[in-house]
$ cat entry-v1.cif   # mmCIF, C-alpha atoms and all ligand atoms
data_target
loop_
_atom_site.group_PDB
_atom_site.id
_atom_site.type_symbol
_atom_site.label_atom_id
_atom_site.label_comp_id
_atom_site.auth_asym_id
_atom_site.auth_seq_id
_atom_site.Cartn_x
_atom_site.Cartn_y
_atom_site.Cartn_z
ATOM 1 C CA MET D 240 36.228 11.233 19.889
ATOM 2 C CA SER D 241 35.240 14.492 18.253
ATOM 3 C CA ALA D 242 38.707 15.946 18.811
ATOM 4 C CA ALA D 243 40.360 12.904 17.249
ATOM 5 C CA LYS D 244 42.616 13.666 14.342
ATOM 6 C CA THR D 245 42.329 11.537 11.250
ATOM 7 C CA ASN D 246 45.631 9.988 10.248
ATOM 8 C CA GLU D 247 47.011 10.298 13.764
ATOM 9 C CA VAL D 248 49.409 7.366 14.057
ATOM 10 C CA LEU D 249 48.150 5.012 16.739
ATOM 11 C CA LEU D 250 50.094 1.789 16.438
ATOM 12 C CA GLU D 251 53.516 1.471 14.921
ATOM 13 C CA ALA D 252 55.477 -1.746 14.544
ATOM 14 C CA ARG D 253 59.096 -1.458 13.538
ATOM 15 C CA LYS D 254 61.043 -4.353 12.099
ATOM 16 C CA LEU D 255 59.169 -7.109 13.857
ATOM 17 C CA THR D 256 60.763 -10.494 13.532
ATOM 18 C CA ARG D 257 59.380 -13.709 14.962
ATOM 19 C CA ARG D 258 61.110 -17.045 14.842
ATOM 20 C CA PHE D 259 59.666 -20.436 15.675
ATOM 21 C CA GLY D 260 62.777 -22.567 16.032
ATOM 22 C CA GLY D 261 64.407 -22.369 12.635
ATOM 23 C CA LEU D 262 61.324 -20.939 10.923
ATOM 24 C CA VAL D 263 61.192 -17.190 10.416
ATOM 25 C CA ALA D 264 57.444 -16.513 10.490
ATOM 26 C CA ASN D 265 57.899 -12.711 10.288
ATOM 27 C CA GLN D 266 61.024 -10.919 9.196
ATOM 28 C CA ASP D 267 61.462 -7.162 9.586
ATOM 29 C CA ILE D 268 57.769 -6.385 9.315
ATOM 30 C CA SER D 269 56.945 -2.703 9.775
ATOM 31 C CA VAL D 270 53.317 -1.640 9.807
ATOM 32 C CA THR D 271 51.505 1.458 10.955
ATOM 33 C CA VAL D 272 47.885 1.800 11.975
ATOM 34 C CA ALA D 273 46.546 5.337 11.898
ATOM 35 C CA ARG D 274 43.188 6.693 12.954
ATOM 36 C CA GLY D 275 40.783 6.894 10.042
ATOM 37 C CA VAL D 276 42.650 4.199 8.139
ATOM 38 C CA ILE D 277 41.985 0.562 7.305
ATOM 39 C CA HIS D 278 45.277 -1.220 6.780
ATOM 40 C CA VAL D 279 44.892 -4.675 5.254
ATOM 41 C CA LEU D 280 47.441 -7.455 5.638
ATOM 42 C CA LEU D 281 47.181 -9.580 2.546
ATOM 43 C CA GLY D 282 48.995 -12.755 1.683
ATOM 44 C CA PRO D 283 48.627 -16.466 1.063
ATOM 45 C CA ASN D 284 48.210 -19.020 3.836
ATOM 46 C CA GLY D 285 51.306 -19.293 5.959
ATOM 47 C CA ALA D 286 52.580 -15.853 4.910
ATOM 48 C CA GLY D 287 52.766 -14.752 8.554
ATOM 49 C CA LYS D 288 49.695 -12.511 8.850
ATOM 50 C CA SER D 289 48.327 -14.023 12.061
ATOM 51 C CA THR D 290 51.797 -14.059 13.589
ATOM 52 C CA CYS D 291 52.012 -10.336 12.919
ATOM 53 C CA ILE D 292 48.591 -9.673 14.497
ATOM 54 C CA ASN D 293 49.555 -11.844 17.467
ATOM 55 C CA MET D 294 52.664 -9.748 18.064
ATOM 56 C CA LEU D 295 50.670 -6.512 17.821
ATOM 57 C CA SER D 296 48.007 -7.758 20.240
ATOM 58 C CA GLY D 297 50.558 -8.989 22.761
ATOM 59 C CA ASP D 298 49.628 -12.647 22.377
ATOM 60 C CA LEU D 299 53.070 -13.461 21.026
ATOM 61 C CA PRO D 300 56.332 -11.735 21.969
ATOM 62 C CA PRO D 301 58.441 -10.654 18.998
ATOM 63 C CA SER D 302 61.943 -12.088 18.655
ATOM 64 C CA GLU D 303 63.088 -8.649 17.513
ATOM 65 C CA GLY D 304 61.592 -5.268 16.833
ATOM 66 C CA THR D 305 59.525 -2.681 18.663
ATOM 67 C CA ILE D 306 55.873 -1.720 18.900
ATOM 68 C CA THR D 307 54.665 1.694 19.973
ATOM 69 C CA PHE D 308 51.148 2.871 20.703
ATOM 70 C CA MET D 309 50.546 6.619 20.539
ATOM 71 C CA GLY D 310 54.272 7.107 20.874
ATOM 72 C CA ARG D 311 54.728 4.851 23.891
ATOM 73 C CA ASP D 312 56.806 1.676 23.672
ATOM 74 C CA ILE D 313 54.453 -1.203 24.418
ATOM 75 C CA THR D 314 56.655 -4.052 23.198
ATOM 76 C CA GLY D 315 56.825 -5.516 26.700
ATOM 77 C CA LEU D 316 53.125 -5.215 27.552
ATOM 78 C CA SER D 317 50.866 -8.257 27.830
ATOM 79 C CA ALA D 318 47.698 -8.666 25.785
ATOM 80 C CA ALA D 319 45.602 -7.603 28.793
ATOM 81 C CA GLN D 320 47.713 -4.478 29.304
ATOM 82 C CA ARG D 321 47.456 -3.610 25.616
ATOM 83 C CA SER D 322 43.718 -3.990 25.772
ATOM 84 C CA ARG D 323 43.679 -1.458 28.593
ATOM 85 C CA VAL D 324 45.704 1.104 26.626
ATOM 86 C CA GLY D 325 43.346 0.812 23.653
ATOM 87 C CA ILE D 326 44.328 -2.089 21.417
ATOM 88 C CA GLY D 327 41.524 -4.545 20.822
ATOM 89 C CA ARG D 328 41.497 -7.715 18.830
ATOM 90 C CA SER D 329 38.971 -10.234 17.726
ATOM 91 C CA TYR D 330 39.905 -13.864 17.816
ATOM 92 C CA GLN D 331 39.179 -16.371 15.123
ATOM 93 C CA ARG D 332 37.816 -18.681 17.786
ATOM 94 C CA THR D 333 35.457 -16.445 19.598
ATOM 95 C CA ASN D 334 35.232 -15.480 23.236
ATOM 96 C CA ILE D 335 31.465 -15.368 23.050
ATOM 97 C CA PHE D 336 29.416 -17.135 25.718
ATOM 98 C CA PRO D 337 26.740 -18.696 23.477
ATOM 99 C CA GLN D 338 24.227 -19.188 26.276
ATOM 100 C CA PHE D 339 24.366 -15.498 27.253
ATOM 101 C CA THR D 340 22.455 -12.786 25.451
ATOM 102 C CA VAL D 341 24.172 -10.321 23.160
ATOM 103 C CA LEU D 342 23.738 -7.655 25.807
ATOM 104 C CA GLU D 343 25.262 -9.818 28.544
ATOM 105 C CA ASN D 344 28.288 -10.666 26.421
ATOM 106 C CA VAL D 345 28.979 -7.055 25.537
ATOM 107 C CA ARG D 346 28.346 -5.855 29.075
ATOM 108 C CA LEU D 347 30.916 -8.350 30.356
ATOM 109 C CA ALA D 348 33.419 -7.099 27.785
ATOM 110 C CA ALA D 349 32.797 -3.517 28.917
ATOM 111 C CA GLN D 350 33.246 -4.421 32.575
ATOM 112 C CA SER D 351 36.374 -6.447 31.917
ATOM 113 C CA ARG D 352 38.211 -3.314 30.808
ATOM 114 C CA ASN D 353 36.596 -0.615 32.846
ATOM 115 C CA GLN D 354 39.034 1.767 34.441
ATOM 116 C CA GLN D 355 36.548 4.024 36.110
ATOM 117 C CA PRO D 356 37.127 4.712 39.794
ATOM 118 C CA TRP D 357 33.939 2.897 40.749
ATOM 119 C CA ARG D 358 34.934 2.484 44.340
ATOM 120 C CA ILE D 359 33.897 6.046 44.976
ATOM 121 C CA PHE D 360 30.616 5.441 43.142
ATOM 122 C CA SER D 361 28.025 2.779 43.716
ATOM 123 C CA LYS D 362 27.644 -0.685 42.293
ATOM 124 C CA ALA D 363 24.381 0.436 40.715
ATOM 125 C CA MET D 364 26.205 3.216 38.908
ATOM 126 C CA GLU D 365 28.781 0.820 37.598
ATOM 127 C CA GLN D 366 26.042 -1.447 36.314
ATOM 128 C CA LYS D 367 24.258 1.402 34.611
ATOM 129 C CA TRP D 368 27.480 2.580 33.008
ATOM 130 C CA ALA D 369 28.253 -0.903 31.675
ATOM 131 C CA LEU D 370 24.721 -1.372 30.416
ATOM 132 C CA ASP D 371 24.675 1.977 28.609
ATOM 133 C CA LYS D 372 28.074 1.268 27.135
ATOM 134 C CA ALA D 373 26.976 -2.186 25.966
ATOM 135 C CA HIS D 374 23.849 -0.811 24.319
ATOM 136 C CA ALA D 375 25.858 1.856 22.497
ATOM 137 C CA CYS D 376 28.404 -0.675 21.215
ATOM 138 C CA ILE D 377 25.728 -3.137 20.134
ATOM 139 C CA GLU D 378 24.055 -0.323 18.221
ATOM 140 C CA GLU D 379 27.335 0.752 16.642
ATOM 141 C CA ALA D 380 28.058 -2.823 15.541
ATOM 142 C CA GLY D 381 24.647 -2.960 13.842
ATOM 143 C CA LEU D 382 23.096 -5.453 16.256
ATOM 144 C CA GLY D 383 20.542 -3.154 17.850
ATOM 145 C CA LYS D 384 17.677 -5.509 17.099
ATOM 146 C CA ARG D 385 19.488 -8.484 18.628
ATOM 147 C CA ALA D 386 20.405 -7.147 22.078
ATOM 148 C CA ASP D 387 18.151 -9.587 23.898
ATOM 149 C CA TRP D 388 18.848 -12.602 21.739
ATOM 150 C CA VAL D 389 20.786 -15.558 23.070
ATOM 151 C CA SER D 390 24.143 -15.263 21.302
ATOM 152 C CA GLY D 391 24.284 -18.896 20.241
ATOM 153 C CA VAL D 392 21.336 -18.507 17.868
ATOM 154 C CA LEU D 393 22.804 -15.566 15.951
ATOM 155 C CA SER D 394 23.855 -16.140 12.350
ATOM 156 C CA HIS D 395 27.554 -16.510 11.612
ATOM 157 C CA GLY D 396 27.758 -12.923 10.376
ATOM 158 C CA GLU D 397 25.947 -11.591 13.430
ATOM 159 C CA GLN D 398 28.340 -13.465 15.712
ATOM 160 C CA ARG D 399 31.214 -11.648 14.010
ATOM 161 C CA GLN D 400 29.353 -8.366 14.572
ATOM 162 C CA LEU D 401 28.984 -9.346 18.213
ATOM 163 C CA GLU D 402 32.734 -9.918 18.493
ATOM 164 C CA ILE D 403 33.252 -6.440 17.123
ATOM 165 C CA ALA D 404 30.735 -5.008 19.596
ATOM 166 C CA MET D 405 32.738 -6.706 22.363
ATOM 167 C CA VAL D 406 35.988 -5.171 21.134
ATOM 168 C CA LEU D 407 34.311 -1.752 20.931
ATOM 169 C CA ALA D 408 33.145 -2.168 24.522
ATOM 170 C CA THR D 409 36.787 -2.269 25.586
ATOM 171 C CA ASP D 410 37.247 1.270 24.183
ATOM 172 C CA ALA D 411 39.708 0.045 21.597
ATOM 173 C CA GLN D 412 41.290 2.758 19.472
ATOM 174 C CA VAL D 413 42.959 0.162 17.287
ATOM 175 C CA LEU D 414 41.022 -2.874 16.096
ATOM 176 C CA LEU D 415 43.081 -5.902 15.108
ATOM 177 C CA LEU D 416 40.814 -8.175 13.109
ATOM 178 C CA ASP D 417 42.024 -11.522 11.827
ATOM 179 C CA GLU D 418 39.796 -12.572 8.933
ATOM 180 C CA PRO D 419 36.511 -11.095 10.166
ATOM 181 C CA LEU D 420 34.895 -12.011 6.841
ATOM 182 C CA ALA D 421 35.882 -15.674 6.974
ATOM 183 C CA GLY D 422 32.993 -18.011 6.262
ATOM 184 C CA MET D 423 30.581 -15.217 5.385
ATOM 185 C CA GLY D 424 28.180 -15.164 2.484
ATOM 186 C CA SER D 425 28.250 -12.184 0.142
ATOM 187 C CA ASP D 426 25.412 -10.329 1.895
ATOM 188 C CA GLU D 427 27.004 -10.768 5.313
ATOM 189 C CA SER D 428 30.352 -9.801 3.860
ATOM 190 C CA ALA D 429 29.010 -6.604 2.331
ATOM 191 C CA LYS D 430 27.402 -5.708 5.640
ATOM 192 C CA MET D 431 30.666 -6.237 7.513
ATOM 193 C CA VAL D 432 32.555 -4.136 4.963
ATOM 194 C CA GLU D 433 30.108 -1.274 5.579
ATOM 195 C CA LEU D 434 30.524 -1.681 9.316
ATOM 196 C CA LEU D 435 34.326 -1.571 9.063
ATOM 197 C CA LYS D 436 34.161 1.598 6.976
ATOM 198 C CA LYS D 437 31.939 3.199 9.594
ATOM 199 C CA LEU D 438 34.230 2.179 12.468
ATOM 200 C CA ARG D 439 37.247 3.566 10.655
ATOM 201 C CA ALA D 440 35.988 7.119 11.110
ATOM 202 C CA THR D 441 37.109 7.279 14.723
ATOM 203 C CA ARG D 442 39.555 4.393 15.054
ATOM 204 C CA GLY D 443 42.368 2.623 13.269
ATOM 205 C CA ILE D 444 41.870 -0.865 11.854
ATOM 206 C CA LEU D 445 44.343 -3.573 10.913
ATOM 207 C CA LEU D 446 42.615 -6.311 9.042
ATOM 208 C CA VAL D 447 43.723 -9.669 7.708
ATOM 209 C CA GLU D 448 41.727 -10.627 4.675
ATOM 210 C CA HIS D 449 41.932 -12.978 1.709
ATOM 211 C CA ASP D 450 38.944 -11.945 -0.350
ATOM 212 C CA MET D 451 40.212 -9.587 -3.023
ATOM 213 C CA ASP D 452 36.892 -7.823 -3.608
ATOM 214 C CA ALA D 453 36.589 -7.069 0.091
ATOM 215 C CA VAL D 454 40.230 -5.993 0.371
ATOM 216 C CA PHE D 455 39.957 -3.444 -2.398
ATOM 217 C CA ALA D 456 36.557 -2.322 -1.110
ATOM 218 C CA VAL D 457 37.872 -1.347 2.321
ATOM 219 C CA ALA D 458 41.630 -0.858 2.249
ATOM 220 C CA ASP D 459 43.328 2.508 2.523
ATOM 221 C CA VAL D 460 46.709 0.807 2.809
ATOM 222 C CA ILE D 461 47.644 -2.737 1.878
ATOM 223 C CA THR D 462 50.702 -4.633 3.030
ATOM 224 C CA VAL D 463 51.379 -7.785 1.062
ATOM 225 C CA MET D 464 53.238 -10.525 2.911
ATOM 226 C CA VAL D 465 54.834 -13.582 1.391
ATOM 227 C CA ASN D 466 56.913 -16.133 3.289
ATOM 228 C CA GLY D 467 57.121 -13.970 6.394
ATOM 229 C CA GLN D 468 58.404 -10.966 4.489
ATOM 230 C CA MET D 469 56.859 -7.714 3.364
ATOM 231 C CA LEU D 470 56.661 -7.728 -0.375
ATOM 232 C CA GLU D 471 55.055 -4.343 -0.854
ATOM 233 C CA SER D 472 53.114 -1.811 1.176
ATOM 234 C CA GLY D 473 51.106 1.153 -0.038
ATOM 235 C CA PRO D 474 47.742 2.397 -1.236
ATOM 236 C CA PRO D 475 45.545 -0.005 -3.236
ATOM 237 C CA ALA D 476 46.502 1.576 -6.580
ATOM 238 C CA GLN D 477 50.170 0.879 -5.871
ATOM 239 C CA ILE D 478 49.443 -2.735 -4.936
ATOM 240 C CA ARG D 479 47.259 -3.181 -8.008
ATOM 241 C CA ALA D 480 50.065 -1.904 -10.217
ATOM 242 C CA SER D 481 52.865 -3.831 -8.517
ATOM 243 C CA VAL D 482 54.471 -6.382 -10.799
ATOM 244 C CA ALA D 483 56.121 -8.024 -7.805
ATOM 245 C CA VAL D 484 52.740 -8.532 -6.124
ATOM 246 C CA GLN D 485 51.159 -9.828 -9.302
ATOM 247 C CA GLN D 486 53.928 -12.312 -9.847
ATOM 248 C CA ALA D 487 54.339 -13.473 -6.289
ATOM 249 C CA TYR D 488 50.816 -13.643 -5.068
ATOM 250 C CA LEU D 489 48.037 -12.729 -7.395
ATOM 251 C CA GLY D 490 49.106 -14.596 -10.473
ATOM 252 C CA THR D 491 47.592 -12.654 -13.304
ATOM 253 C CA GLU D 492 46.662 -9.094 -13.982
ATOM 254 C CA GLU D 493 43.064 -10.244 -14.330
ATOM 255 C CA SER D 494 42.918 -10.707 -10.550
ATOM 256 C CA PHE D 495 42.821 -6.941 -10.170
ATOM 257 C CA HIS D 496 39.747 -6.328 -12.246
ATOM 258 C CA VAL D 497 37.510 -6.198 -9.224
HETATM 259 N N1 LIG Y 501 52.947 -21.102 17.358
HETATM 260 C C1 LIG Y 501 53.623 -21.493 16.248
HETATM 261 N N2 LIG Y 501 54.612 -22.395 16.335
HETATM 262 C C2 LIG Y 501 55.309 -22.769 15.241
HETATM 263 N N3 LIG Y 501 55.091 -22.287 14.002
HETATM 264 C C3 LIG Y 501 54.116 -21.381 13.859
HETATM 265 C C4 LIG Y 501 53.318 -20.922 14.958
HETATM 266 N N4 LIG Y 501 52.425 -20.023 14.519
HETATM 267 C C5 LIG Y 501 52.634 -19.906 13.190
HETATM 268 N N5 LIG Y 501 53.639 -20.710 12.789
HETATM 269 C C6 LIG Y 501 54.171 -20.836 11.432
HETATM 270 O O1 LIG Y 501 54.491 -19.550 10.987
HETATM 271 C C7 LIG Y 501 54.151 -19.391 9.610
HETATM 272 C C8 LIG Y 501 53.184 -18.239 9.463
HETATM 273 O O2 LIG Y 501 51.937 -18.612 10.034
HETATM 274 P P1 LIG Y 501 50.729 -17.597 10.203
HETATM 275 O O3 LIG Y 501 51.224 -16.346 10.826
HETATM 276 O O4 LIG Y 501 49.641 -18.314 10.889
HETATM 277 O O5 LIG Y 501 50.329 -17.312 8.678
HETATM 278 P P2 LIG Y 501 48.990 -16.737 8.039
HETATM 279 O O6 LIG Y 501 48.158 -16.165 9.119
HETATM 280 O O7 LIG Y 501 49.462 -15.720 7.044
HETATM 281 O O8 LIG Y 501 48.336 -17.888 7.359
HETATM 282 C C9 LIG Y 501 53.583 -20.715 9.157
HETATM 283 O O9 LIG Y 501 54.621 -21.463 8.556
HETATM 284 C C10 LIG Y 501 53.132 -21.363 10.453
HETATM 285 O O10 LIG Y 501 53.161 -22.761 10.377
HETATM 286 MG MG MG Y 502 46.157 -16.566 9.703
#

$ encode --input "entry-v1.cif" --output "structure tokens"
Amino acid sequence: MSAAKTNEVLLEARKLTRRFGGLVANQDISVTVARGVIHVLLGPNGAGKSTCINMLSGDLPPSEGTITFMGRDITGLSAAQRSRVGIGRSYQRTNIFPQFTVLENVRLAAQSRNQQPWRIFSKAMEQKWALDKAHACIEEAGLGKRADWVSGVLSHGEQRQLEIAMVLATDAQVLLLDEPLAGMGSDESAKMVELLKKLRATRGILLVEHDMDAVFAVADVITVMVNGQMLESGPPAQIRASVAVQQAYLGTEESFHV
């Protein structure tokens, strides 16, 4: 990753619209995820944030609009195909096997996406590669001391770290994270914020988050959604100063004194 350019555009959604029958869950949503950047999708419940993430991850086809990844049109790719090109997401309901250890879970994630031409190598080599990869990702996600723990006994916050380790093991360049701080206490939350900042150095992150303190602590760009529409998008200072955002979503100016 040393040659990676900061601010290189990785994922670009243009005018995504998604309808559910008569309901327009997303209308003309355009978001960009660049390397070195944490882009936060902010908005009240039902605003359309998860729908947007689902379209970016390939879990939900858009009704209209296009998505490119590193310049290539990926609108028609499935979630599995997107994972292989470098788009990783965490799910609110986790894919963790609770009876497996942290290491086993992450190793499985690594193997599920591996594109190495193992057939010309040996099974043992593949296993070593996956094990090394898993250890590195567990370390990067801050779970180094938990590698041999059964996943089910991890704290809530650690389970979210494990999900991130699993996404990292897929070599994701873009991390799509839907409310990774949900249900966390303030200590766990602060830890996750630090982790996200660290991961941003070499990747791009699109994050859905409600907690205002956390949003302003991590965001480089914020897109505010209301009723399936983009209300405003820009750096935190612009969002803080936006009268439209204050009126539509945040209520009072006091909300910004974070
Ligand atoms: N699969 C679905 N079928 C029908 N309506 C949906 C579906 N998913 C989301 N919606 C609707 O789309 C709107 C946006 O939902 P969602 O994207 O989950 O919002 P958010 O994540 O911001 O809370 C809501 O009105 C929700 O009920
Ligand atoms: Mg949601």

$ resolve_selection --input "entry-v1.cif" --expression "the PyMOL selection byres (((not hetatm)) within 12 of (chain Y and resi 502))" --output "mmCIF file with C-alpha atoms, in the coordinates of the input"
data_model
loop_
_atom_site.group_PDB
_atom_site.id
_atom_site.type_symbol
_atom_site.label_atom_id
_atom_site.label_comp_id
_atom_site.auth_asym_id
_atom_site.auth_seq_id
_atom_site.Cartn_x
_atom_site.Cartn_y
_atom_site.Cartn_z
ATOM 1 C CA ALA D 264 57.444 -16.513 10.490
ATOM 2 C CA LEU D 280 47.441 -7.455 5.638
ATOM 3 C CA LEU D 281 47.181 -9.580 2.546
ATOM 4 C CA GLY D 282 48.995 -12.755 1.683
ATOM 5 C CA PRO D 283 48.627 -16.466 1.063
ATOM 6 C CA ASN D 284 48.210 -19.020 3.836
ATOM 7 C CA GLY D 285 51.306 -19.293 5.959
ATOM 8 C CA ALA D 286 52.580 -15.853 4.910
ATOM 9 C CA GLY D 287 52.766 -14.752 8.554
ATOM 10 C CA LYS D 288 49.695 -12.511 8.850
ATOM 11 C CA SER D 289 48.327 -14.023 12.061
ATOM 12 C CA THR D 290 51.797 -14.059 13.589
ATOM 13 C CA CYS D 291 52.012 -10.336 12.919
ATOM 14 C CA ILE D 292 48.591 -9.673 14.497
ATOM 15 C CA ASN D 293 49.555 -11.844 17.467
ATOM 16 C CA TYR D 330 39.905 -13.864 17.816
ATOM 17 C CA GLN D 331 39.179 -16.371 15.123
ATOM 18 C CA ARG D 332 37.816 -18.681 17.786
ATOM 19 C CA LEU D 416 40.814 -8.175 13.109
ATOM 20 C CA ASP D 417 42.024 -11.522 11.827
ATOM 21 C CA GLU D 418 39.796 -12.572 8.933
ATOM 22 C CA PRO D 419 36.511 -11.095 10.166
ATOM 23 C CA ALA D 421 35.882 -15.674 6.974
ATOM 24 C CA LEU D 446 42.615 -6.311 9.042
ATOM 25 C CA VAL D 447 43.723 -9.669 7.708
ATOM 26 C CA GLU D 448 41.727 -10.627 4.675
ATOM 27 C CA HIS D 449 41.932 -12.978 1.709
ATOM 28 C CA MET D 464 53.238 -10.525 2.911
ATOM 29 C CA GLY D 467 57.121 -13.970 6.394
#

$ residues_around --input "entry-v1.cif" --residues "D:Ser269" --least-positions-apart "2" --cutoff "12 Å" --atoms "all atoms listed in the file" --output "PyMOL selection string"
chain D and resi 250-256+265-267+271-272+280+291-292+294-295+303-307+462-464+467-472

$ residues_around --input "entry-v1.cif" --residues "D:Ile403" --least-positions-apart "6" --cutoff "12 Å" --atoms "only C-alpha atoms" --output "PyMOL selection string"
chain D and resi 327-331+333-335+341+344-345+348+373+376-382+396-397+409-411+413-417+419-420+431+434-435+438+444

$ residues_around --input "entry-v1.cif" --residues "D:Ala458" --least-positions-apart "4" --cutoff "8 Å" --atoms "all atoms listed in the file" --output "VMD selection string"
chain D and resid 276 to 279 454 474 to 475

$ closest_residue --input "entry-v1.cif" --among "D:Ala453, D:Arg311, D:Asn466, D:Gln477" --to "ligand LIG 501 (chain Y)" --atoms "all atoms listed in the file"
D:Asn466

$ atom_distance --input "entry-v1.cif" --atom1 "atom C7 of ligand LIG 501 (chain Y)" --atom2 "atom CA of D:Glu427"
28.8 Å

$ axis_aligned_box --input "entry-v1.cif" --around "ligand LIG 501 (chain Y)" --padding-each-side "4 Å" --output "AutoDock Vina command-line options"
--center_x 51.7 --center_y -19.2 --center_z 12.2 --size_x 15.2 --size_y 15.0 --size_z 18.3

$ resolve_selection --input "entry-v1.cif" --expression "the PyMOL selection byres (((chain D and resi 388) around 12) and not hetatm)" --output "PyMOL selection string"
chain D and resi 337-344+377+382-387+389-394+397-398+401

$ closest_residue --input "entry-v1.cif" --among "D:Val406, D:Val457, D:Met451, D:Val482" --to "D:Lys430" --atoms "all atoms listed in the file"
D:Val457

$ closest_residue --input "entry-v1.cif" --among "D:Ala404, D:Val263, D:Val270, D:Met423" --to "ligand LIG 501 (chain Y)" --atoms "only C-alpha atoms and all ligand atoms"
D:Val263
